[in-house]
Structures are given as structure tokens and as C-alpha cells.
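Content type PDB, C-alpha atoms, pLDDT in the B column, from the file data-v1.pdb:
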ATOM      1  CA  MET Q   1     110.316 108.307   2.533  1.00 89.00           C
ATOM      2  CA  GLU Q   2     112.406 110.968   4.248  1.00 91.00           C
ATOM      3  CA  PRO Q   3     112.819 114.158   2.165  1.00 95.00           C
ATOM      4  CA  PHE Q   4     116.274 115.069   0.917  1.00 97.00           C
ATOM      5  CA  VAL Q   5     116.939 118.796   0.796  1.00 97.00           C
ATOM      6  CA  THR Q   6     120.456 119.457   2.103  1.00 97.00           C
ATOM      7  CA  VAL Q   7     122.954 117.112   3.718  1.00 98.00           C
ATOM      8  CA  THR Q   8     126.191 118.251   5.342  1.00 98.00           C
ATOM      9  CA  GLY Q   9     128.585 115.695   6.728  1.00 98.00           C
ATOM     10  CA  VAL Q  10     131.704 113.600   6.546  1.00 98.00           C
ATOM     11  CA  VAL Q  11     132.766 112.129   3.217  1.00 98.00           C
ATOM     12  CA  ALA Q  12     133.543 108.399   3.208  1.00 98.00           C
ATOM     13  CA  PRO Q  13     136.000 107.669   0.363  1.00 98.00           C
ATOM     14  CA  LEU Q  14     135.697 104.354  -1.480  1.00 98.00           C
ATOM     15  CA  ASP Q  15     138.321 104.671  -4.195  1.00 97.00           C
ATOM     16  CA  ARG Q  16     137.236 101.630  -6.181  1.00 98.00           C
ATOM     17  CA  VAL Q  17     135.662 101.264  -9.618  1.00 98.00           C
ATOM     18  CA  ASN Q  18     132.943  98.840 -10.695  1.00 98.00           C
ATOM     19  CA  VAL Q  19     131.605  98.328  -7.179  1.00 98.00           C
ATOM     20  CA  ASP Q  20     128.837  95.824  -7.858  1.00 97.00           C
ATOM     21  CA  THR Q  21     125.666  95.177  -5.922  1.00 97.00           C
ATOM     22  CA  ASP Q  22     126.916  91.823  -4.648  1.00 96.00           C
ATOM     23  CA  GLN Q  23     129.695  93.679  -2.839  1.00 97.00           C
ATOM     24  CA  ILE Q  24     127.283  96.352  -1.622  1.00 98.00           C
ATOM     25  CA  ILE Q  25     124.956  93.685  -0.162  1.00 97.00           C
ATOM     26  CA  PRO Q  26     125.970  90.021  -0.687  1.00 96.00           C
ATOM     27  CA  LYS Q  27     123.289  87.620  -1.866  1.00 94.00           C
ATOM     28  CA  GLN Q  28     123.150  85.553   1.345  1.00 94.00           C
ATOM     29  CA  PHE Q  29     121.632  88.522   3.179  1.00 94.00           C
ATOM     30  CA  LEU Q  30     118.654  89.045   0.860  1.00 92.00           C
ATOM     31  CA  LYS Q  31     116.253  86.953   2.952  1.00 87.00           C
ATOM     32  CA  ARG Q  32     114.646  89.788   4.915  1.00 81.00           C
ATOM     33  CA  ILE Q  33     111.247  91.025   3.762  1.00 80.00           C
ATOM     34  CA  GLU Q  34     111.595  94.460   5.388  1.00 85.00           C
ATOM     35  CA  ARG Q  35     113.619  97.323   3.903  1.00 87.00           C
ATOM     36  CA  THR Q  36     115.445  97.839   7.187  1.00 92.00           C
ATOM     37  CA  GLY Q  37     118.262  95.934   8.835  1.00 94.00           C
ATOM     38  CA  PHE Q  38     120.521  95.609   5.812  1.00 96.00           C
ATOM     39  CA  GLY Q  39     123.059  98.223   6.906  1.00 96.00           C
ATOM     40  CA  GLN Q  40     124.874  95.741   9.131  1.00 96.00           C
ATOM     41  CA  PHE Q  41     125.701  93.692   6.031  1.00 97.00           C
ATOM     42  CA  LEU Q  42     126.819  96.569   3.789  1.00 98.00           C
ATOM     43  CA  PHE Q  43     130.140  95.763   2.060  1.00 98.00           C
ATOM     44  CA  PHE Q  44     130.220  92.664   4.269  1.00 98.00           C
ATOM     45  CA  ASP Q  45     132.987  90.810   2.422  1.00 97.00           C
ATOM     46  CA  TRP Q  46     135.219  93.897   2.555  1.00 98.00           C
ATOM     47  CA  ARG Q  47     134.333  95.065   6.062  1.00 97.00           C
ATOM     48  CA  TYR Q  48     135.104  91.804   7.835  1.00 97.00           C
ATOM     49  CA  GLU Q  49     137.782  89.144   7.966  1.00 97.00           C
ATOM     50  CA  ASN Q  50     136.988  85.595   6.851  1.00 94.00           C
ATOM     51  CA  ASP Q  51     135.316  84.842  10.197  1.00 95.00           C
ATOM     52  CA  GLY Q  52     132.588  87.358   9.331  1.00 94.00           C
ATOM     53  CA  LYS Q  53     132.976  89.065  12.702  1.00 94.00           C
ATOM     54  CA  THR Q  54     136.372  90.745  12.936  1.00 97.00           C
ATOM     55  CA  PRO Q  55     136.514  94.172  11.230  1.00 97.00           C
ATOM     56  CA  ASN Q  56     139.083  94.250   8.441  1.00 97.00           C
ATOM     57  CA  PRO Q  57     141.509  97.100   9.262  1.00 96.00           C
ATOM     58  CA  ALA Q  58     142.493  97.332   5.594  1.00 95.00           C
ATOM     59  CA  PHE Q  59     138.989  98.323   4.487  1.00 97.00           C
ATOM     60  CA  GLU Q  60     138.884 102.094   4.152  1.00 94.00           C
ATOM     61  CA  LEU Q  61     135.421 102.658   5.571  1.00 95.00           C
ATOM     62  CA  ASN Q  62     136.298 100.865   8.804  1.00 96.00           C
ATOM     63  CA  ALA Q  63     138.405 103.857   9.866  1.00 96.00           C
ATOM     64  CA  GLN Q  64     136.793 105.549  12.868  1.00 95.00           C
ATOM     65  CA  ALA Q  65     136.986 108.950  11.167  1.00 95.00           C
ATOM     66  CA  TYR Q  66     134.394 107.815   8.610  1.00 96.00           C
ATOM     67  CA  ALA Q  67     131.913 106.351  11.099  1.00 93.00           C
ATOM     68  CA  GLY Q  68     128.449 107.789  10.563  1.00 95.00           C
ATOM     69  CA  ALA Q  69     129.386 109.518   7.300  1.00 98.00           C
ATOM     70  CA  PRO Q  70     126.250 110.414   5.310  1.00 98.00           C
ATOM     71  CA  ILE Q  71     128.080 110.902   1.995  1.00 98.00           C
ATOM     72  CA  LEU Q  72     129.892 108.198   0.024  1.00 98.00           C
ATOM     73  CA  VAL Q  73     132.294 109.037  -2.807  1.00 98.00           C
ATOM     74  CA  ALA Q  74     133.345 106.191  -5.097  1.00 98.00           C
ATOM     75  CA  GLY Q  75     134.757 105.307  -8.523  1.00 98.00           C
ATOM     76  CA  LYS Q  76     132.965 104.950 -11.839  1.00 98.00           C
ATOM     77  CA  ASN Q  77     130.221 102.434 -12.643  1.00 98.00           C
ATOM     78  CA  PHE Q  78     129.036 102.246  -9.051  1.00 98.00           C
ATOM     79  CA  GLY Q  79     126.175  99.811  -8.433  1.00 98.00           C
ATOM     80  CA  CYS Q  80     126.781  97.553 -11.422  1.00 97.00           C
ATOM     81  CA  GLY Q  81     125.800  93.880 -11.391  1.00 94.00           C
ATOM     82  CA  SER Q  82     122.399  92.512 -10.408  1.00 90.00           C
ATOM     83  CA  SER Q  83     119.388  94.779 -10.086  1.00 89.00           C
ATOM     84  CA  ARG Q  84     118.698  94.074  -6.392  1.00 92.00           C
ATOM     85  CA  GLU Q  85     116.919  96.964  -4.694  1.00 94.00           C
ATOM     86  CA  HIS Q  86     118.511  95.791  -1.459  1.00 96.00           C
ATOM     87  CA  ALA Q  87     121.670  97.700  -2.453  1.00 97.00           C
ATOM     88  CA  PRO Q  88     120.222 101.182  -1.823  1.00 97.00           C
ATOM     89  CA  TRP Q  89     118.320  99.783   1.169  1.00 97.00           C
ATOM     90  CA  ALA Q  90     121.646  98.726   2.715  1.00 97.00           C
ATOM     91  CA  LEU Q  91     123.344 102.039   1.951  1.00 98.00           C
ATOM     92  CA  LEU Q  92     120.450 104.005   3.425  1.00 97.00           C
ATOM     93  CA  ASP Q  93     120.150 101.802   6.500  1.00 97.00           C
ATOM     94  CA  TYR Q  94     123.885 102.228   7.101  1.00 97.00           C
ATOM     95  CA  GLY Q  95     123.428 106.003   7.042  1.00 97.00           C
ATOM     96  CA  PHE Q  96     124.351 107.180   3.545  1.00 98.00           C
ATOM     97  CA  ARG Q  97     122.012 109.770   2.014  1.00 98.00           C
ATOM     98  CA  ALA Q  98     124.137 110.702  -1.013  1.00 98.00           C
ATOM     99  CA  VAL Q  99     126.513 108.759  -3.270  1.00 98.00           C
ATOM    100  CA  ILE Q 100     128.888 110.647  -5.566  1.00 98.00           C
ATOM    101  CA  ALA Q 101     130.666 108.914  -8.450  1.00 98.00           C
ATOM    102  CA  PRO Q 102     131.636 109.568 -12.085  1.00 98.00           C
ATOM    103  CA  SER Q 103     128.958 107.134 -13.279  1.00 98.00           C
ATOM    104  CA  PHE Q 104     126.363 104.664 -12.024  1.00 98.00           C
ATOM    105  CA  ALA Q 105     124.683 101.520 -13.281  1.00 97.00           C
ATOM    106  CA  ASP Q 106     121.253 102.511 -14.604  1.00 97.00           C
ATOM    107  CA  ILE Q 107     119.030 100.292 -12.441  1.00 97.00           C
ATOM    108  CA  PHE Q 108     120.933 101.098  -9.252  1.00 97.00           C
ATOM    109  CA  PHE Q 109     120.733 104.803 -10.147  1.00 97.00           C
ATOM    110  CA  ASN Q 110     116.953 104.610 -10.505  1.00 96.00           C
ATOM    111  CA  ASN Q 111     116.546 102.573  -7.317  1.00 96.00           C
ATOM    112  CA  CYS Q 112     118.428 105.196  -5.312  1.00 97.00           C
ATOM    113  CA  PHE Q 113     115.883 107.890  -6.130  1.00 96.00           C
ATOM    114  CA  LYS Q 114     113.000 105.564  -5.255  1.00 94.00           C
ATOM    115  CA  ASN Q 115     114.488 104.948  -1.814  1.00 94.00           C
ATOM    116  CA  GLY Q 116     115.582 108.389  -0.645  1.00 95.00           C
ATOM    117  CA  ILE Q 117     119.235 108.378  -1.739  1.00 98.00           C
ATOM    118  CA  LEU Q 118     120.635 111.063  -4.021  1.00 98.00           C
ATOM    119  CA  PRO Q 119     123.132 109.682  -6.574  1.00 98.00           C
ATOM    120  CA  VAL Q 120     125.280 112.466  -8.026  1.00 98.00           C
ATOM    121  CA  ALA Q 121     127.393 112.014 -11.153  1.00 98.00           C
ATOM    122  CA  LEU Q 122     130.408 114.331 -11.336  1.00 98.00           C
ATOM    123  CA  THR Q 123     133.370 114.352 -13.688  1.00 98.00           C
ATOM    124  CA  GLU Q 124     136.248 112.029 -12.834  1.00 98.00           C
ATOM    125  CA  ASP Q 125     138.555 114.903 -11.937  1.00 98.00           C
ATOM    126  CA  LYS Q 126     136.041 116.355  -9.446  1.00 98.00           C
ATOM    127  CA  VAL Q 127     135.443 112.949  -7.883  1.00 98.00           C
ATOM    128  CA  ALA Q 128     139.211 112.419  -7.632  1.00 98.00           C
ATOM    129  CA  HIS Q 129     139.469 115.804  -5.917  1.00 97.00           C
ATOM    130  CA  LEU Q 130     136.871 114.836  -3.305  1.00 98.00           C
ATOM    131  CA  LEU Q 131     138.455 111.416  -2.781  1.00 98.00           C
ATOM    132  CA  SER Q 132     141.904 112.867  -2.249  1.00 97.00           C
ATOM    133  CA  ARG Q 133     140.636 115.438   0.268  1.00 97.00           C
ATOM    134  CA  ALA Q 134     138.698 112.812   2.204  1.00 97.00           C
ATOM    135  CA  GLN Q 135     141.678 110.454   2.255  1.00 96.00           C
ATOM    136  CA  ALA Q 136     144.186 113.130   3.233  1.00 95.00           C
ATOM    137  CA  ASN Q 137     141.908 114.701   5.848  1.00 95.00           C
ATOM    138  CA  PRO Q 138     139.687 112.068   7.512  1.00 94.00           C
ATOM    139  CA  GLY Q 139     136.622 113.887   8.771  1.00 95.00           C
ATOM    140  CA  TYR Q 140     136.522 116.135   5.698  1.00 97.00           C
ATOM    141  CA  GLN Q 141     132.985 117.445   5.196  1.00 98.00           C
ATOM    142  CA  ILE Q 142     130.945 118.707   2.264  1.00 98.00           C
ATOM    143  CA  THR Q 143     127.407 119.973   1.746  1.00 98.00           C
ATOM    144  CA  VAL Q 144     125.167 118.393  -0.869  1.00 98.00           C
ATOM    145  CA  ASP Q 145     122.328 120.781  -1.634  1.00 98.00           C
ATOM    146  CA  LEU Q 146     119.624 119.265  -3.816  1.00 98.00           C
ATOM    147  CA  GLU Q 147     117.533 122.424  -3.870  1.00 97.00           C
ATOM    148  CA  ALA Q 148     120.414 124.489  -5.280  1.00 98.00           C
ATOM    149  CA  GLN Q 149     121.950 121.471  -7.066  1.00 98.00           C
ATOM    150  CA  THR Q 150     125.404 122.220  -5.673  1.00 98.00           C
ATOM    151  CA  ILE Q 151     128.176 120.483  -3.756  1.00 98.00           C
ATOM    152  CA  SER Q 152     130.570 122.595  -1.694  1.00 98.00           C
ATOM    153  CA  ASP Q 153     132.989 122.550   1.214  1.00 97.00           C
ATOM    154  CA  SER Q 154     134.483 125.157   3.556  1.00 93.00           C
ATOM    155  CA  GLU Q 155     137.766 125.218   1.655  1.00 93.00           C
ATOM    156  CA  GLY Q 156     136.593 126.839  -1.548  1.00 94.00           C
ATOM    157  CA  PHE Q 157     135.438 123.815  -3.532  1.00 96.00           C
ATOM    158  CA  SER Q 158     132.075 124.231  -5.230  1.00 97.00           C
ATOM    159  CA  THR Q 159     130.395 122.581  -8.173  1.00 98.00           C
ATOM    160  CA  SER Q 160     126.925 122.144  -9.602  1.00 98.00           C
ATOM    161  CA  PHE Q 161     125.270 118.920 -10.718  1.00 98.00           C
ATOM    162  CA  GLU Q 162     122.400 117.907 -12.950  1.00 97.00           C
ATOM    163  CA  VAL Q 163     119.337 116.015 -11.785  1.00 97.00           C
ATOM    164  CA  ASP Q 164     116.079 115.161 -13.503  1.00 96.00           C
ATOM    165  CA  ALA Q 165     113.389 117.662 -12.472  1.00 97.00           C
ATOM    166  CA  PHE Q 166     110.798 115.010 -11.572  1.00 95.00           C
ATOM    167  CA  ARG Q 167     113.256 112.987  -9.494  1.00 96.00           C
ATOM    168  CA  ARG Q 168     114.398 116.158  -7.780  1.00 97.00           C
ATOM    169  CA  TYR Q 169     110.779 117.007  -6.917  1.00 95.00           C
ATOM    170  CA  CYS Q 170     110.184 113.534  -5.473  1.00 94.00           C
ATOM    171  CA  LEU Q 171     113.310 113.594  -3.305  1.00 96.00           C
ATOM    172  CA  LEU Q 172     112.711 117.124  -2.042  1.00 96.00           C
ATOM    173  CA  ASN Q 173     109.212 116.119  -0.979  1.00 93.00           C
ATOM    174  CA  GLY Q 174     110.005 112.612   0.241  1.00 92.00           C
ATOM    175  CA  LEU Q 175     107.780 110.919  -2.330  1.00 88.00           C
ATOM    176  CA  ASP Q 176     108.278 107.333  -3.422  1.00 76.00           C
ATOM    177  CA  ASP Q 177     105.898 105.610  -5.870  1.00 66.00           C
ATOM    178  CA  ILE Q 178     103.300 105.006  -3.149  1.00 64.00           C
ATOM    179  CA  GLY Q 179     103.600 108.572  -1.904  1.00 64.00           C
ATOM    180  CA  LEU Q 180     102.993 109.871  -5.416  1.00 67.00           C
ATOM    181  CA  SER Q 181      99.836 107.771  -5.697  1.00 60.00           C
ATOM    182  CA  LEU Q 182      98.578 108.980  -2.320  1.00 59.00           C
ATOM    183  CA  GLN Q 183      98.721 112.561  -3.550  1.00 61.00           C
ATOM    184  CA  ASN Q 184      95.649 111.645  -5.590  1.00 56.00           C
ATOM    185  CA  VAL Q 185      93.882 109.730  -2.857  1.00 62.00           C
ATOM    186  CA  ASP Q 186      90.750 111.897  -3.049  1.00 65.00           C
ATOM    187  CA  ASP Q 187      90.389 111.298  -6.794  1.00 63.00           C
ATOM    188  CA  ILE Q 188      91.062 107.574  -6.332  1.00 64.00           C
ATOM    189  CA  THR Q 189      88.450 107.351  -3.567  1.00 64.00           C
ATOM    190  CA  GLN Q 190      85.917 109.241  -5.662  1.00 66.00           C
ATOM    191  CA  PHE Q 191      86.527 106.955  -8.651  1.00 68.00           C
ATOM    192  CA  GLU Q 192      86.234 103.807  -6.553  1.00 66.00           C
ATOM    193  CA  GLY Q 193      83.036 105.155  -5.002  1.00 68.00           C
ATOM    194  CA  LYS Q 194      81.418 105.187  -8.428  1.00 70.00           C
ATOM    195  CA  ARG Q 195      82.205 101.539  -9.079  1.00 72.00           C
ATOM    196  CA  PRO Q 196      79.029  99.383  -8.947  1.00 74.00           C
ATOM    197  CA  SER Q 197      79.163  96.982  -5.990  1.00 70.00           C
ATOM    198  CA  TRP Q 198      78.452  94.051  -8.287  1.00 70.00           C
ATOM    199  CA  LYS Q 199      81.306  94.815 -10.646  1.00 69.00           C
ATOM    200  CA  PRO Q 200      84.389  92.659  -9.995  1.00 67.00           C
ATOM    201  CA  ILE Q 201      87.848  94.199  -9.604  1.00 63.00           C
ATOM    202  CA  THR Q 202      90.003  93.219 -12.553  1.00 62.00           C
ATOM    203  CA  VAL Q 203      93.581  92.319 -11.702  1.00 55.00           C
ATOM    204  CA  THR Q 204      96.089  92.094 -14.528  1.00 58.00           C
ATOM    205  CA  ALA Q 205      99.472  90.438 -14.247  1.00 53.00           C
TER
END
Kindly present the structure from the file in C-alpha cells form.
Amino acid sequence: MEPFVTVTGVVAPLDRVNVDTDQIIPKQFLKRIERTGFGQFLFFDWRYENDGKTPNPAFELNAQAYAGAPILVAGKNFGCGSSREHAPWALLDYGFRAVIAPSFADIFFNNCFKNGILPVALTEDKVAHLLSRAQANPGYQITVDLEAQTISDSEGFSTSFEVDAFRRYCLLNGLDDIGLSLQNVDDITQFEGKRPSWKPITVTA
């Protein structure tokens, strides 16, 4: 997993509340077994016309000014709906490293940290401030600094945010669940080396 320390870039404004995971990545695209390749289907039903090919000019993120934006700002209860881990996979594959909203669905929030995305909860007035700046000035940029736990721009806006210390440590060091286990690989190897060759490995469901 790629470490997250500081990200500076364009803000993509998605001024919608209750964005559910079926809009983030529709169910018909959940057939891949890899974590990659889902970005092309992100917000599919909003991004394209009914033919599934023609970009919808009314969808805010289709504006050229937001192409390649690494930071998404959205309304409250982002990531609600089903618990599919494909949602953060799609966001990450599309290029987003941070999502800022007033609130998140719990499972989606947890899945973001496990997949290298930083979800940041700010007050509604601060989110509205970022949305309005991004909408009024396409190409508007901010810096999300996980180490300092701050968000700032070049126009005087600055705020701090809270993040669980353990999750912060994992993101800063690029550690998912497997990476955490591998930190103890020497101890695991030593333990397994003491296991008698005749003793079966017990697998529990």
C-alpha cells in the first residue's frame, strides 16, 4: 500500500449527500478479482449517458478542470449503502487519495484506511467552504497533510482534523493488514520453525 503523508492537488467538488456505494461503483462491475481497474467505472451511472459511453456534461466531475484531481469533497453520509470494498478501490484507482465530507458511513470509512485513502470528516460549514471555492474556481487546490493533521490552501484557509492514531500510523507507513503482519515476519517464522513436522495445521472458519 502506498504511504500517505501529504497530498497537494485539485479539489473535485461533488455537492451531493448520501452518495452510496452503488453509485460509487455499480454492482455490475464487481466481477473483477483484482483491486485494480475499477476507476473506469467510478460513478458510472452519473458520468455517462444511457449508452454507457458518452460522458454526461451535466456531471460535475466530468469538467476538464477536475481531471486528475486527487482530492474529493462531498456531502454528508458519503459511502452509505452496501459494504463493498470495491468502492475505495474504485476511488483510488481513479486517482483520489483523500475524501473530505461532513460524515461517512462506518464500513466505507474503515475500508478507506485499509486501502490507502484518507477520509477526513470536517464540519458542514468547512466542507461547504471548500465546495464553494472549488465550484467557483475550477482548479482550486488544497494540501492535505496527514502528518500535521491539517488542510490548507494558498488563500488563507486552514483547519485541523482528527484521525485515530493507529490508522494514522498505518497510512503514514503504507501498512495494510498484510503489511502489519509482515512486520512480525521474523517472529512468525521462528514460531513456525518450532512446530513439529507431524503436527497438522489447524484451520478455523
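In this structure, atom CA of Q:Pro138 sits 20.0 Å away from atom CA of Q:Leu91.
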key: atom CA of Q:His129 to atom CA of Q:Val99, distance in Å rounded to a single decimal   = 15.0 Å
query = What separation in Å, quoted to one decimal, exists between atom CA of Q:Ser154 and atom CA of Q:Val7?
reply =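 For atom CA of Q:Ser154 relative to atom CA of Q:Val7, the distance reads 14.1 Å.
Distances to Q:Tyr66 were evaluated for Q:Ala101, Q:Thr123, Q:Leu92, Q:Gly9 using all atoms listed in the file, and the minimum falls at Q:Gly9.
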message = With only C-alpha atoms as the counted atoms, please give the residues lying no more than 12 Å from Q:Asp164, apart from itself and same-chain residues fewer than 5 positions off, as an MDAnalysis selection string.
response = chainID Q and resid 109:110 113 118:121 146 149 169:171
message = For Q:Asp125, find every residue with an atom within 12 Å (counting only C-alpha atoms), except residues of its own chain fewer than 5 positions away, and show them as a ChimeraX atom specification.
response = /Q:75-76,101-102,130-132,159
Residues returned when the PyMOL selection byres ((chain Q and resi 71) around 8) runs on this file, as a list in words =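 When the PyMOL selection byres ((chain Q and resi 71) around 8) is applied to the shown file, the picked residues are Gly9, Val10, Val11, Ala12, Ala69, Pro70, Leu72, Val73, Phe96, Arg97, Ala98, Val99 and Ile100 of chain Q.
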message = Could you check the closest approach to Q:Arg35 for each of Q:Arg168, Q:His86, Q:Lys114, Q:Arg16 and tell me which residue wins, using all atoms listed in the file?
response =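 Closest candidate: Q:His86.
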message = If the PyMOL selection byres ((chain Q and resi 42) around 12) were run on this exact file, what residues would it hold? Put them as a count of residues only.
response = 36
task = Find, counting all atoms listed in the file, the residue in Q:Ala134, Q:Val19, Q:Ala74, Q:Ile117 that gets nearest to Q:Ala105.
result = Q:Val19
Among listed residues Q:Phe78, Q:Leu14, Q:Ser160, Q:Ile107, nearest Q:Phe59 (using all atoms listed in the file) =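 Nearest to Q:Phe59: Q:Leu14.
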